$ cat upload_13.txt   # compact mmCIF, C-alpha atoms
# COMPACT_ATOMS: atom_id res chain seq x y z
CA MET K 142 122.36 74.56 102.26
CA THR K 143 118.72 74.24 101.25
CA LEU K 144 115.86 75.66 103.25
CA LYS K 145 114.64 72.21 104.16
CA GLY K 146 118.12 71.28 105.35
CA ILE K 147 118.24 73.74 108.24
CA PHE K 148 118.74 72.15 111.65
CA LEU K 149 119.35 74.20 114.75
CA GLY K 150 120.51 71.28 116.84
CA THR K 151 118.26 72.01 119.82
CA ALA K 152 114.55 72.10 120.37
CA CYS K 153 113.05 75.55 119.96
CA PRO K 154 111.82 76.90 123.33
CA LEU K 155 108.37 78.09 122.31
CA ILE K 156 107.26 78.35 125.91
CA ILE K 157 109.63 81.24 126.50
CA GLY K 158 107.84 84.56 126.36
CA LEU K 159 104.38 83.19 126.93
CA LEU K 160 103.97 85.03 130.21
CA PRO K 161 103.34 88.74 129.64
CA GLY K 162 106.11 91.03 130.81
CA GLY K 163 105.09 93.56 133.42
CA VAL K 164 101.91 91.63 134.19
CA ALA K 165 101.74 89.90 137.57
CA ALA K 166 101.01 86.18 137.48
CA GLN K 167 97.78 86.68 139.38
CA ASP K 168 96.64 89.27 136.81
CA ALA K 169 97.24 86.78 134.00
CA ALA K 170 95.42 84.12 135.98
CA ALA K 171 92.48 86.47 136.43
CA CYS K 172 91.96 86.49 132.66
CA MET K 173 92.29 82.73 132.25
CA GLY K 174 89.16 81.52 130.44
CA LYS K 175 87.67 85.03 130.28
CA VAL K 176 88.27 85.35 126.52
CA PRO K 177 86.73 82.18 125.03
CA SER K 178 87.79 83.09 121.50
CA LEU K 179 90.27 85.44 119.89
CA ASN K 180 89.49 86.37 116.29
CA VAL K 181 92.42 87.28 114.08
CA ILE K 182 92.25 88.57 110.54
CA ALA K 183 95.26 87.60 108.44
CA GLN K 184 96.92 87.04 105.11
CA GLY K 185 98.45 83.69 104.20
CA MET K 186 102.12 84.56 104.62
CA PRO K 187 104.41 81.76 105.87
CA ALA K 188 104.75 83.43 109.28
CA VAL K 189 100.97 83.21 109.64
CA THR K 190 100.34 79.69 108.43
CA ALA K 191 103.28 78.41 110.51
CA LEU K 192 101.38 79.39 113.67
CA ASP K 193 98.92 76.53 113.22
CA ALA K 194 101.36 74.00 114.66
CA HIS K 195 101.84 76.05 117.83
CA LEU K 196 98.42 77.52 118.61
CA ALA K 197 97.53 74.77 121.07
CA ALA K 198 100.13 76.05 123.54
CA PHE K 199 98.78 79.59 123.37
CA ASN K 200 95.17 78.44 123.62
CA ALA K 201 95.99 76.36 126.70
CA LYS K 202 97.73 79.26 128.40
CA TRP K 203 94.70 81.54 128.23
CA GLY K 204 91.83 79.08 127.94
CA THR K 205 90.95 80.60 124.60
CA GLU K 206 90.60 79.51 120.99
CA VAL K 207 92.45 81.56 118.43
CA LYS K 208 90.55 81.70 115.14
CA ILE K 209 92.60 82.99 112.22
CA THR K 210 90.72 84.08 109.10
CA LEU K 211 92.98 83.97 106.04
CA LEU K 212 92.17 86.32 103.16
CA GLY K 213 93.88 87.58 100.03
CA GLU K 214 95.67 90.92 100.28
CA ASN K 215 92.97 93.15 98.81
CA GLU K 216 90.13 91.37 100.62
CA ARG K 217 92.08 91.42 103.88
CA ARG K 218 92.54 95.17 103.64
CA SER K 219 88.89 95.89 102.85
CA LYS K 220 87.46 93.53 105.47
CA ALA K 221 89.70 94.81 108.27
CA ARG K 222 88.86 98.41 107.40
CA LEU K 223 85.15 97.64 107.33
CA ASP K 224 85.30 95.86 110.69
CA ALA K 225 87.08 98.79 112.35
CA SER K 226 85.31 101.69 110.64
CA THR K 227 81.79 100.39 111.28
CA GLY K 228 82.54 99.58 114.92
CA ALA K 229 81.66 95.92 114.37
CA GLY K 230 84.74 94.74 116.28
CA ALA K 231 84.49 91.13 115.12
CA TYR K 232 88.30 90.89 115.14
CA GLN K 233 90.52 91.54 118.12
CA VAL K 234 93.80 91.28 116.22
CA LEU K 235 94.22 92.98 112.86
CA TYR K 236 96.78 92.35 110.15
CA ILE K 237 97.82 95.78 108.94
CA ASP K 238 100.60 97.23 106.85
CA GLU K 239 102.37 100.42 105.92
CA ALA K 240 99.71 101.26 103.31
CA ASN K 241 96.90 101.62 105.84
CA LEU K 242 98.80 102.49 109.02
CA ALA K 243 98.18 106.24 108.81
CA GLU K 244 94.45 105.67 108.39
CA TYR K 245 94.22 103.21 111.31
CA ALA K 246 96.35 105.32 113.65
CA THR K 247 94.57 108.59 112.86
CA ALA K 248 91.15 106.98 113.31
CA GLY K 249 92.21 105.39 116.60
CA TRP K 250 91.40 101.86 115.44
CA VAL K 251 94.55 100.27 116.90
CA TYR K 252 96.42 100.58 120.19
CA PRO K 253 100.02 101.77 120.39
CA LEU K 254 102.07 98.59 120.43
CA ALA K 255 103.87 99.31 123.70
CA ASP K 256 100.51 99.75 125.47
CA VAL K 257 99.36 96.20 124.75
CA VAL K 258 102.38 93.97 124.08
CA PRO K 259 104.37 92.89 127.15
CA ALA K 260 107.90 94.27 127.41
CA ASP K 261 109.33 90.75 127.78
CA TYR K 262 108.85 90.27 124.06
CA ASP K 263 111.69 92.77 123.46
CA LEU K 264 110.13 95.25 121.07
CA ALA K 265 113.55 96.86 120.53
CA ASP K 266 114.68 93.72 118.67
CA PHE K 267 112.46 94.41 115.67
CA ARG K 268 114.40 95.40 112.56
CA VAL K 269 114.72 99.18 112.33
CA ASP K 270 113.49 99.33 108.74
CA LEU K 271 110.34 97.41 109.66
CA ALA K 272 109.75 99.26 112.92
CA ASN K 273 109.99 102.53 110.99
CA VAL K 274 107.19 101.60 108.59
CA ALA K 275 105.14 100.32 111.56
CA THR K 276 105.41 103.77 113.13
CA TYR K 277 103.20 106.80 112.58
CA ASN K 278 103.89 110.18 114.17
CA GLY K 279 106.54 108.64 116.37
CA VAL K 280 104.40 105.80 117.72
CA GLN K 281 104.74 102.16 116.70
CA TYR K 282 101.37 100.48 116.21
CA PHE K 283 102.05 97.01 114.84
CA ALA K 284 104.55 94.23 115.43
CA PRO K 285 106.16 93.46 112.07
CA PHE K 286 106.90 89.88 111.13
CA VAL K 287 107.67 90.43 107.47
CA GLY K 288 108.82 93.29 105.28
CA GLY K 289 111.87 95.07 103.94
CA GLY K 290 112.53 96.55 100.55
CA ASP K 291 113.00 95.40 96.96
CA VAL K 292 115.55 93.18 95.30
CA MET K 293 116.20 92.38 91.65
CA MET K 294 116.25 88.65 91.01
CA TYR K 295 117.70 87.37 87.75
CA ARG K 296 118.54 84.08 86.09
CA THR K 297 122.28 83.71 86.15
CA ASP K 298 122.23 80.91 83.57
CA ILE K 299 120.21 82.94 81.05
CA LEU K 300 122.40 86.03 81.41
CA GLU K 301 125.55 83.93 81.09
CA ALA K 302 124.27 82.16 77.99
CA LYS K 303 123.49 85.46 76.30
CA GLY K 304 126.57 87.30 77.54
CA ILE K 305 124.53 89.93 79.38
CA ALA K 306 125.98 91.71 82.40
CA VAL K 307 123.87 92.27 85.51
CA PRO K 308 122.01 95.55 84.85
CA LYS K 309 123.03 98.46 87.03
CA THR K 310 120.84 101.10 85.40
CA LEU K 311 117.21 101.14 84.33
CA ASP K 312 118.21 101.55 80.69
CA GLU K 313 120.41 98.46 80.96
CA LEU K 314 117.56 96.54 82.58
CA VAL K 315 115.13 97.46 79.80
CA ALA K 316 117.64 96.31 77.18
CA ALA K 317 118.30 93.05 79.06
CA ILE K 318 114.57 92.33 79.45
CA LYS K 319 114.09 92.66 75.70
CA ALA K 320 117.18 90.61 74.91
CA THR K 321 116.18 87.69 77.15
CA ASN K 322 112.54 87.55 76.09
CA ASP K 323 111.91 84.21 74.36
CA PRO K 324 108.16 83.54 74.23
CA ASP K 325 108.55 80.64 71.79
CA ASN K 326 110.26 78.73 74.61
CA LYS K 327 107.94 80.21 77.26
CA VAL K 328 110.69 82.28 78.82
CA TYR K 329 109.86 85.95 79.23
CA GLY K 330 112.05 88.91 80.05
CA TRP K 331 110.07 90.27 82.96
CA ALA K 332 106.84 90.31 84.92
CA ALA K 333 105.27 92.62 87.48
CA ARG K 334 102.01 93.25 89.27
CA GLY K 335 99.19 94.43 87.05
CA GLN K 336 96.21 93.71 89.31
CA ARG K 337 94.44 96.74 90.78
CA GLY K 338 95.14 97.82 94.34
CA SER K 339 97.23 100.23 96.40
CA GLY K 340 99.37 97.27 97.47
CA MET K 341 99.31 95.55 94.11
CA ASN K 342 100.06 97.29 90.81
CA VAL K 343 100.54 100.68 92.48
CA TRP K 344 103.26 99.21 94.71
CA ARG K 345 105.38 98.05 91.79
CA TRP K 346 104.57 101.02 89.55
CA THR K 347 105.56 103.55 92.23
CA PRO K 348 109.36 102.97 92.04
CA PHE K 349 109.14 103.74 88.31
CA PHE K 350 107.06 106.85 89.06
CA ARG K 351 109.56 108.07 91.65
CA ALA K 352 112.51 107.18 89.40
CA MET K 353 111.10 109.54 86.79
CA GLY K 354 111.07 112.31 89.39
CA GLY K 355 107.43 111.90 90.35
CA GLU K 356 105.99 113.31 93.58
CA TRP K 357 102.54 112.64 94.98
CA LEU K 358 101.67 116.29 95.52
CA ASN K 359 102.43 119.54 93.75
CA ASP K 360 103.84 122.48 95.69
CA ASP K 361 100.30 123.79 96.21
CA GLY K 362 99.19 120.51 97.77
CA THR K 363 97.18 119.29 94.78
CA PRO K 364 97.64 115.71 93.51
CA ALA K 365 100.40 115.25 90.96
CA PHE K 366 99.35 111.83 89.70
CA ALA K 367 99.01 113.02 86.11
CA SER K 368 102.42 114.68 85.85
CA ASP K 369 104.85 114.06 83.01
CA ALA K 370 106.70 111.69 85.37
CA ALA K 371 103.54 109.66 85.97
CA VAL K 372 102.80 109.41 82.26
CA LYS K 373 106.39 108.38 81.44
CA ALA K 374 106.42 105.79 84.22
CA THR K 375 103.15 104.30 82.98
CA GLU K 376 104.34 104.22 79.38
CA LEU K 377 107.52 102.36 80.38
CA TYR K 378 105.66 99.91 82.65
CA MET K 379 103.23 99.13 79.85
CA ASP K 380 106.03 98.78 77.31
CA LEU K 381 107.77 96.20 79.50
CA MET K 382 104.52 94.26 79.76
CA GLN K 383 105.05 93.29 76.12
CA TYR K 384 107.92 91.10 77.38
CA ALA K 385 105.91 89.39 80.12
CA PRO K 386 103.73 86.25 80.23
CA PRO K 387 100.16 86.45 78.89
CA GLY K 388 97.70 87.92 81.38
CA VAL K 389 100.27 90.11 83.14
CA GLY K 390 97.79 93.00 83.12
CA THR K 391 96.01 91.38 86.07
CA PHE K 392 98.99 89.64 87.74
CA ASN K 393 99.29 89.88 91.52
CA TRP K 394 102.55 89.36 93.40
CA SER K 395 101.95 85.62 93.66
CA ASP K 396 101.56 85.29 89.89
CA SER K 397 104.87 87.06 89.28
CA VAL K 398 106.74 85.14 91.96
CA GLU K 399 105.43 81.77 90.76
CA ALA K 400 106.31 82.65 87.17
CA PHE K 401 109.90 83.33 88.20
CA ARG K 402 110.42 80.27 90.34
CA GLY K 403 108.65 78.23 87.68
CA GLY K 404 111.44 79.14 85.27
CA GLN K 405 109.41 81.47 83.06
CA LEU K 406 111.21 84.77 83.74
CA ALA K 407 114.69 86.19 83.30
CA PHE K 408 114.14 89.17 85.63
CA LEU K 409 111.88 90.06 88.51
CA ILE K 410 111.96 93.04 90.86
CA GLU K 411 109.92 92.19 93.91
CA SER K 412 109.85 92.54 97.66
CA ASP K 413 113.04 91.04 99.06
CA VAL K 414 111.08 88.59 101.22
CA PHE K 415 110.52 86.49 98.11
CA GLY K 416 114.23 85.85 97.58
CA PRO K 417 114.30 82.79 99.86
CA TRP K 418 111.26 81.41 98.03
CA MET K 419 113.51 80.92 95.00
CA GLU K 420 115.80 78.68 97.04
CA ASP K 421 113.13 76.22 98.18
CA PRO K 422 113.79 73.01 96.22
CA THR K 423 110.30 71.69 96.93
CA LYS K 424 108.66 74.56 95.07
CA SER K 425 111.27 76.27 92.91
CA SER K 426 112.70 74.99 89.63
CA VAL K 427 115.46 77.64 89.59
CA VAL K 428 117.39 76.80 92.77
CA GLY K 429 121.05 77.63 92.27
CA LYS K 430 120.31 79.66 89.13
CA VAL K 431 119.24 82.94 90.76
CA GLY K 432 121.28 86.06 91.29
CA TYR K 433 120.31 88.95 93.56
CA ALA K 434 121.09 92.65 93.28
CA PRO K 435 119.60 96.01 94.23
CA PRO K 436 117.06 97.55 91.82
CA PRO K 437 119.06 99.33 89.09
CA GLU K 438 119.40 103.11 89.25
CA PRO K 439 117.41 105.27 89.45
CA LEU K 440 114.76 102.82 90.70
CA ARG K 441 114.24 103.11 94.42
CA SER K 442 113.32 100.35 96.84
CA ALA K 443 109.78 100.34 98.24
CA GLY K 444 109.96 99.96 102.01
CA TRP K 445 107.14 97.93 103.49
CA GLY K 446 106.11 95.94 106.52
CA HIS K 447 103.20 93.71 107.55
CA GLY K 448 102.31 92.75 111.08
CA TRP K 449 99.82 92.34 113.88
CA ALA K 450 98.04 95.08 115.81
CA VAL K 451 95.42 95.00 118.56
CA SER K 452 92.09 96.51 117.57
CA THR K 453 90.63 99.16 119.87
CA VAL K 454 87.22 98.30 118.42
CA GLY K 455 87.46 94.54 118.91
CA ALA K 456 89.43 94.47 122.18
CA LYS K 457 87.75 96.93 124.53
CA ASP K 458 87.82 95.18 127.93
CA ASP K 459 91.05 94.62 129.86
CA CYS K 460 91.21 90.84 129.53
CA THR K 461 90.55 90.83 125.80
CA LYS K 462 93.18 93.50 125.34
CA GLN K 463 95.64 91.51 127.47
CA VAL K 464 95.13 88.23 125.63
CA ALA K 465 95.21 89.95 122.22
CA GLY K 466 98.40 91.82 123.12
CA ASP K 467 100.02 88.63 124.33
CA PHE K 468 99.08 86.90 121.09
CA VAL K 469 100.75 89.65 119.06
CA GLY K 470 103.90 89.42 121.17
CA TRP K 471 103.97 85.62 121.08
CA ALA K 472 103.28 85.34 117.33
CA THR K 473 106.13 87.73 116.50
CA SER K 474 108.57 86.63 119.22
CA LYS K 475 112.22 85.65 118.85
CA GLU K 476 111.29 82.10 119.74
CA MET K 477 108.61 81.89 117.07
CA GLU K 478 110.99 83.17 114.41
CA ALA K 479 113.61 80.66 115.56
CA SER K 480 111.05 77.88 115.24
CA ARG K 481 110.23 78.95 111.68
CA LEU K 482 113.90 78.90 110.75
CA ALA K 483 114.12 75.42 112.22
CA GLU K 484 111.17 74.43 110.05
CA GLY K 485 112.84 75.81 106.92
CA ILE K 486 110.96 79.11 106.69
CA SER K 487 113.38 82.00 106.18
CA SER K 488 111.26 84.44 104.21
CA ASP K 489 109.40 86.16 107.06
CA ILE K 490 111.99 87.63 109.40
CA GLY K 491 111.17 90.68 111.49
CA ARG K 492 113.88 90.62 114.13
CA VAL K 493 117.55 91.62 114.16
CA SER K 494 118.45 88.59 116.27
CA SER K 495 117.03 86.30 113.58
CA LEU K 496 118.98 87.98 110.77
CA GLN K 497 122.17 87.60 112.79
CA SER K 498 121.60 83.94 113.57
CA ASP K 499 123.68 81.14 112.08
CA ALA K 500 120.46 79.44 111.01
CA TYR K 501 119.51 82.38 108.78
CA LYS K 502 122.98 82.60 107.26
CA GLN K 503 122.78 78.90 106.44
CA ALA K 504 119.29 79.24 104.96
CA VAL K 505 119.90 81.78 102.21
CA PRO K 506 122.71 82.47 99.71
CA ALA K 507 125.38 84.98 100.69
CA ALA K 508 124.52 86.94 97.52
CA TYR K 509 120.99 87.42 98.79
CA ILE K 510 122.16 88.80 102.13
CA GLN K 511 124.57 91.11 100.31
CA ALA K 512 121.72 92.34 98.09
CA LEU K 513 119.71 93.18 101.21
CA LEU K 514 122.61 95.17 102.60
CA ASP K 515 123.16 97.00 99.31
CA THR K 516 119.45 97.78 98.91
CA GLY K 517 119.00 99.13 102.43
CA PRO K 518 120.20 102.68 101.70
CA LYS K 519 117.79 102.87 98.73
CA THR K 520 114.78 101.74 100.76
CA SER K 521 112.12 104.12 102.00
CA LEU K 522 108.35 104.44 102.21
CA LEU K 523 107.49 105.46 98.65
CA ILE K 524 103.72 105.69 99.04
CA MET K 525 101.89 108.71 100.41
CA ALA K 526 101.84 108.68 104.23
CA ASN K 527 98.32 110.03 104.52
CA PRO K 528 95.09 108.60 106.00
CA ALA K 529 93.48 109.07 102.59
CA TRP K 530 96.03 106.86 100.87
CA PRO K 531 94.07 103.56 100.90
CA GLU K 532 91.22 105.13 98.94
CA ILE K 533 93.52 107.13 96.68
CA GLY K 534 95.81 104.17 96.09
CA ASP K 535 92.95 101.84 95.24
CA ASN K 536 91.52 104.36 92.76
CA LEU K 537 94.94 104.71 91.17
CA GLY K 538 95.28 100.93 91.04
CA LEU K 539 91.96 100.57 89.25
CA ALA K 540 93.00 103.17 86.69
CA LEU K 541 96.35 101.47 86.10
CA GLU K 542 94.73 98.06 85.64
CA GLU K 543 92.35 99.57 83.09
CA LEU K 544 95.35 100.92 81.19
CA PHE K 545 97.31 97.68 81.50
CA THR K 546 94.43 95.57 80.20
CA GLY K 547 93.48 98.00 77.42
CA THR K 548 90.10 98.95 78.87
CA LYS K 549 91.36 102.52 78.72
CA THR K 550 94.01 103.84 76.35
CA ASP K 551 94.52 107.52 77.15
CA ILE K 552 97.12 107.54 79.93
CA LYS K 553 97.01 111.29 80.66
CA ALA K 554 93.23 111.50 80.76
CA THR K 555 92.95 108.41 82.97
CA LEU K 556 95.48 109.74 85.47
CA ASP K 557 93.86 113.17 85.37
CA GLN K 558 90.65 111.59 86.63
CA VAL K 559 92.53 109.87 89.47
CA ALA K 560 94.06 113.19 90.48
CA PHE K 561 90.65 114.89 90.36
CA ASP K 562 89.11 112.23 92.62
CA ALA K 563 92.09 112.36 94.97
CA GLU K 564 91.37 116.01 95.75
CA ASP K 565 88.09 114.97 97.39
CA SER K 566 89.78 112.14 99.27
CA LEU K 567 92.44 114.47 100.66
CA ALA K 568 89.87 117.10 101.60
CA ALA K 569 87.85 114.51 103.53
CA VAL K 570 90.69 113.79 105.97
CA LYS K 571 91.72 117.37 106.67
$ encode --input "upload_13.txt" --output "structure tokens"
Amino acid sequence: MTLKGIFLGTACPLIIGLLPGGVAAQDAAACMGKVPSLNVIAQGMPAVTALDAHLAAFNAKWGTEVKITLLGENERRSKARLDASTGAGAYQVLYIDEANLAEYATAGWVYPLADVVPADYDLADFRVDLANVATYNGVQYFAPFVGGGDVMMYRTDILEAKGIAVPKTLDELVAAIKATNDPDNKVYGWAARGQRGSGMNVWRWTPFFRAMGGEWLNDDGTPAFASDAAVKATELYMDLMQYAPPGVGTFNWSDSVEAFRGGQLAFLIESDVFGPWMEDPTKSSVVGKVGYAPPPEPLRSAGWGHGWAVSTVGAKDDCTKQVAGDFVGWATSKEMEASRLAEGISSDIGRVSSLQSDAYKQAVPAAYIQALLDTGPKTSLLIMANPAWPEIGDNLGLALEELFTGTKTDIKATLDQVAFDAEDSLAAVK
């Protein structure tokens, strides 16, 4: 069944969950109209843009006007950090992720989730893998609406035509990428993120780094970014870029995903959330031609999660905190996820109840669900869980992009400089 063909059979009860749990009706009434606007910083994921059709109900409940600012991933990260770190507090709800959670939690820029989101929204229903990456030092800080691990997507028709088995090892994948590369017909073996950023090229490079045995720190606590493993991982990543579309050195995740569902790629390893995107007949030219499998050994799966958090800087008074917390709960609620499934959006699923629903099982291929189950044991947070990571990761991303685009050619020397700079970043947060 196609994504657009999903029909739940009953109207989705979006009103459920609007009243905050544990908050007396008169307390909610006391804040009615006291927060004229609620500013939310966001990234244009389907779970975010789908809110537009339902905001009127939330606005009417609180007498507020939710204003969502959509930004690209790198700009979203930098703007949210600037707003919190400078004390500007222009945004009451922040879109944060596993890459900057340690920094935000350590700095006290976001409230613990349970302190601001009403219990009626059933926080225990969030997927364990996503709740884990939304947690720092035992405390969950954001409500995840999207995330997971990695999945290898491949063109079943291309592999069948060439008699290539689904790769189970990295060596087999490299061989298959080279064998399926056909630039004369604008079909390439592979693509990946090349654009700078801790959540861009670093995110996709890291599984290669860890597969080679790489660790972020040496035994003495110094950065290990220029180790033999890091050099080997970079060499392999750059070698595979020879079998990718032109311009891959600055590709972001969207470029890679669109190249695959546009029929230009034989293989793509990306965040599993993009699997359902390949099955959307309104945007994908490869519907029915995609297979799904875990990343081949010894590649690991990069655990990640994005979600909403309430800013301690932007939501200081009780009413603002209450309305912001209710927005986070409402926007990530069971009912909101059910409404997205009814609308044909199955990519952004943060709740166990949604994964177990008949609507979800009808929305995506059984092979995709099996790939998620098989990838789960390989999924973990591969980045450094340290408040200094955003700065370190961005510096590493810049260095990698320079190597990928040929601005720099000496891999060891370039990574040595990243490691040298990382020592100062780590020292600054001790």
$ atom_distance --input "upload_13.txt" --atom1 "CA of Lys457 (chain K)" --atom2 "CA of Glu244 (chain K)"
19.5 Å
$ closest_atom_pairs --input "upload_13.txt" --of "region 232-345 of chain K" --to "region 384-393 of chain K" --cutoff "10 Å" --atoms "all atoms listed in the file" --output "tab-separated table"
residue	atom	partner	partner_atom	distance
K:Val315	CA	K:Tyr384	CA	9.9
K:Ile318	CA	K:Tyr384	CA	7.1
K:Lys319	CA	K:Tyr384	CA	6.6
K:Ala320	CA	K:Tyr384	CA	9.6
K:Thr321	CA	K:Tyr384	CA	8.9
K:Asn322	CA	K:Tyr384	CA	6.0
K:Asp323	CA	K:Tyr384	CA	8.5
K:Pro324	CA	K:Pro386	CA	7.9
K:Lys327	CA	K:Pro386	CA	7.9
K:Val328	CA	K:Pro386	CA	8.1
K:Tyr329	CA	K:Ala385	CA	5.3
K:Gly330	CA	K:Tyr384	CA	5.4
K:Trp331	CA	K:Ala385	CA	5.1
K:Ala332	CA	K:Ala385	CA	5.0
K:Ala333	CA	K:Phe392	CA	7.0
K:Arg334	CA	K:Asn393	CA	4.9
K:Gly335	CA	K:Gly390	CA	4.4
K:Gln336	CA	K:Thr391	CA	4.0
K:Arg337	CA	K:Thr391	CA	7.3
K:Gly338	CA	K:Asn393	CA	9.4
K:Gly340	CA	K:Asn393	CA	9.5
K:Met341	CA	K:Asn393	CA	6.2
K:Asn342	CA	K:Asn393	CA	7.5
$ closest_residue --input "upload_13.txt" --among "K:Met525, K:Ala465, K:Ala407, K:Ala443" --to "Asn200 (chain K)" --atoms "only C-alpha atoms"
K:Ala465
$ residues_around --input "upload_13.txt" --residues "Arg296 (chain K)" --least-positions-apart "6" --cutoff "10 Å" --atoms "all atoms listed in the file" --output "JSON, numbers by chain"
{"K": [307, 321, 401, 402, 404, 405, 406, 407, 408, 409, 427, 428, 429, 430, 431, 432, 433]}
$ residues_near_point --input "upload_13.txt" --point "(117.2, 87.5, 114.4)" --cutoff "12 Å" --atoms "all atoms listed in the file" --output "PyMOL selection string"
chain K and resi 263+265-268+286+473-482+487+489-502
$ closest_residue --input "upload_13.txt" --among "K:Thr310, K:Asn536, K:Ser395, K:Gln503" --to "Val559 (chain K)" --atoms "all atoms listed in the file"
K:Asn536
